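Trainee: For reference, the structure I am asking about is given below.
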Amino acid sequence: MKPNIVDTGARVELQCIAFTFGVCAQVEMFMYKDDDSSESQKTINEDDGGELGVEVFGLICAKCHPSLLAKGCYENHMFNVIQDEHEWVGLGTQINLFKNLVAVPAYSQLEISLDLSGYEDDEFSIEGTACFQPTNGDGGYKDIRGVNGYYVRVYVTWCEPSNLNKRWCEEDMIDGFCLMPHSPGLYASHLLEVFSLFIARPNEEEVSLYGSVKILDYRGWCTVFSYSKNEPYFLSRGCNLLPLQGPDRALQPLMFFLMEIDLRDIDGHVNIKGFVNSCVEIDERQRPWFDKRFCAVVKLVNEKSFAAVNYTIFSFAVEAIMEVNFLFKGGSCAHVKIYGDVIASYDKLSYLTNYDAEFFQRVLFTRKKANFLEVEDNYQLPRYVVAVPMTCSLLTKVNLSFQTNLGTHRVGELVKFQIGEPYRIIKSDFVDIRIDVDWKGLPYV
């Protein structure tokens with residue numbers, strides 16, 4: 001039987017926002033009163049022998065400042081009680097928040113503001129704000145004080161994704177290596193892949209960056225980006241991804257890994273310094289960490305610029321050393337301007353969201369038309385080292401333009417490498433693009 005639906009004209013409007021670089025904050029609040037307050041300032045139920053506390057009403061808000069909002073502030077109501085619907089809060093007990101888990105951009109501080117009053121009690125009032133910087137784990141607590149000795153203690157815990165901080169258990173262990181089934185003598189093991197480094201700065205201005213990005217694994221430090229102040233890297237307006245110059249070897253996070261970011265620009269728009277680090281004894285807590293996509297944000301307090309590192313630790317992967325060669329027809333061609341992209345990805349990993357597609361593919365080469373690469377002969381791009389999961393094939397998407405004074409030649413193709421496959425050639429009338437891959441397993445030397 002068809003249900004009888006009556007349109008009353010009522011509507012519910014739901015507003016939501018998704019942060020590109022978001023973390024979750026768990027907020028708890030407790031009401032207290034100083035012990036040295038006078039007897040006349042004690043709570044309204046004390047004379048009746050009841051629980052010490054206050055009937056309160058008012059507003060508690062959580063605010064952050066996402067860069068994508070024009071108004072610059074996003075607000076969550078965690079407690080919103082009008083005077084006629086006042087609520088009892090006992091001293092030393094937790095305030096019953098309507099919402100205690102809030103999403104915050106990792107580059108923004110969390111502001112907890114209170115405006116509470118006592119119902120028929122002029123001696124109670126708390127108004128103020130406490131600010132917390134995003135971090136890993138416990139964010140500590142801060143007190144917001146009111147009149148007559150009353151105060152609220154605010155606790156913030158920054159929630160780790162994917163149970164990264166849970167206690168060790170035997171099921172978290174993963175074997176250290178395994179033999180590739182279709183490649184005799186090739187062993188796969190744990191490898192770290194850093195896919196992209198996102199740089200945010202005010203108004204997305206063009207900047208000349210200098211400094212370094214380094215990664216520490218059990219074999220030592222490895223540099224993936226390094227430019228001097230005298231010869232900085234030019235990041236054009238609207239561009240955010242830095243081209244990674246490395247690593248020049250496989251990254252093996254046996255018991256830990258650490259990333260050090262130290263970047264500035266000539267004009268002072270960018271000032272980023274900090275670390276991304278794994279938990280201790282990551283070799284004993286592998287399942288929460290391995291084969292997942294992570295983003296870590298590095299930002300200095302009171303700075304508007306920040307870096308976001310997107311990475312994955314593969315449980316079993318091999319090393320692909322890639323070389324891309326441009327072979328022009330006829331042997332050479334003077335003053336060829338090259339722009340476009342060469343991007344590496346994997347065939348069995350999903351890229352369903354725009355975020356995954358933009359930040360979790362490895363950009364081997366990228367140039368805008370206004371920032372072309374000019375060559376005068378056959379040319380080889382820098383060598384690239386890419387970690388490839390043992391269950392996947394390596395995909396290389398080529399989308400390049402070759403401009404001369406006679407016209408522009410475009411080459412676009414997606415080539416697939418099975419693990420162990422040595423090379424592929426993309427042919428065109430103007431240029432052949434040869435991609436060579438040298439595959440290495442444990443010990444990756």
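In the structure tokens, chains take the letters A, B, ... in the order shown, each chain's residues start at 1, and ligands count up from 1 in the order shown.
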Run DSSP on the backbone of this structure and report the residues of range 83-328 of chain A it assigns to strand (DSSP E), as a ChimeraX atom specification.
Mentor: /A:87-90,101-105,110-118,121-132,137-145,150-159,177-179,187-200,207-217,220-227,233-235,258-265,271-277,294-298,306-328
Trainee: Hey, what's within 10 Å of range 412-417 of chain A if we count only C-alpha atoms and toss same-chain stuff fewer than 2 positions away? As a PyMOL selection string, please?
Mentor: chain A and resi 340-347+392-401+410+419-428+435-437
Trainee: For the atom pair CA of Ile261 in chain A and CA of Lys214 in chain A, what is the interatomic distance in Å to one decimal place?
Mentor: 6.7 Å
Trainee: By how many Å are CA of Val224 in chain A and CA of Pro134 in chain A apart?
Mentor: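 Between these atoms lies a distance of 25.8 Å.
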Trainee: Mind pulling up the distance from CA of Tyr233 in chain A to CA of Leu192 in chain A?
Mentor: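 If I compute the distance from CA of Leu192 in chain A to CA of Tyr233 in chain A, I get 25.2 Å.
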Trainee: Give me the residues near Trp439 in chain A as number ranges by chain, where near means some atom within 12 Å (using only C-alpha atoms) and where sequence neighbours in that chain fewer than 5 positions away do not count.
Mentor: A: 180, 183, 185-188, 249-250, 317-323, 384-388, 390, 394, 417-423, 444-445
Trainee: Report as a PyMOL selection string all protein, DNA and RNA residues lying within 9 Å of Ala106 in chain A, evaluated on only C-alpha atoms, omitting residues in the same chain fewer than 4 positions from it.
Mentor: chain A and resi 19+21-24+133-135+296-299
Trainee: What are the closest atom pairs, with distances in Å to one decimal, for all residues of range 286-346 of chain A lying within 12 Å of range 202-206 of chain A? Consider only C-alpha atoms, order rows by chain and residue number, and present the result as a Markdown table.
Mentor:
| residue | atom | partner | partner_atom | distance |
| --- | --- | --- | --- | --- |
| A:Glu303 | CA | A:Pro202 | CA | 9.8 |
| A:Lys304 | CA | A:Pro202 | CA | 6.5 |
| A:Ser305 | CA | A:Pro202 | CA | 6.7 |
| A:Phe306 | CA | A:Pro202 | CA | 9.9 |
Trainee: Using only C-alpha atoms, which of the listed residues (A:Leu197, A:Leu101, A:Ile126, A:Val81) sits closest to Gly246 in chain A?
Mentor: A:Leu197
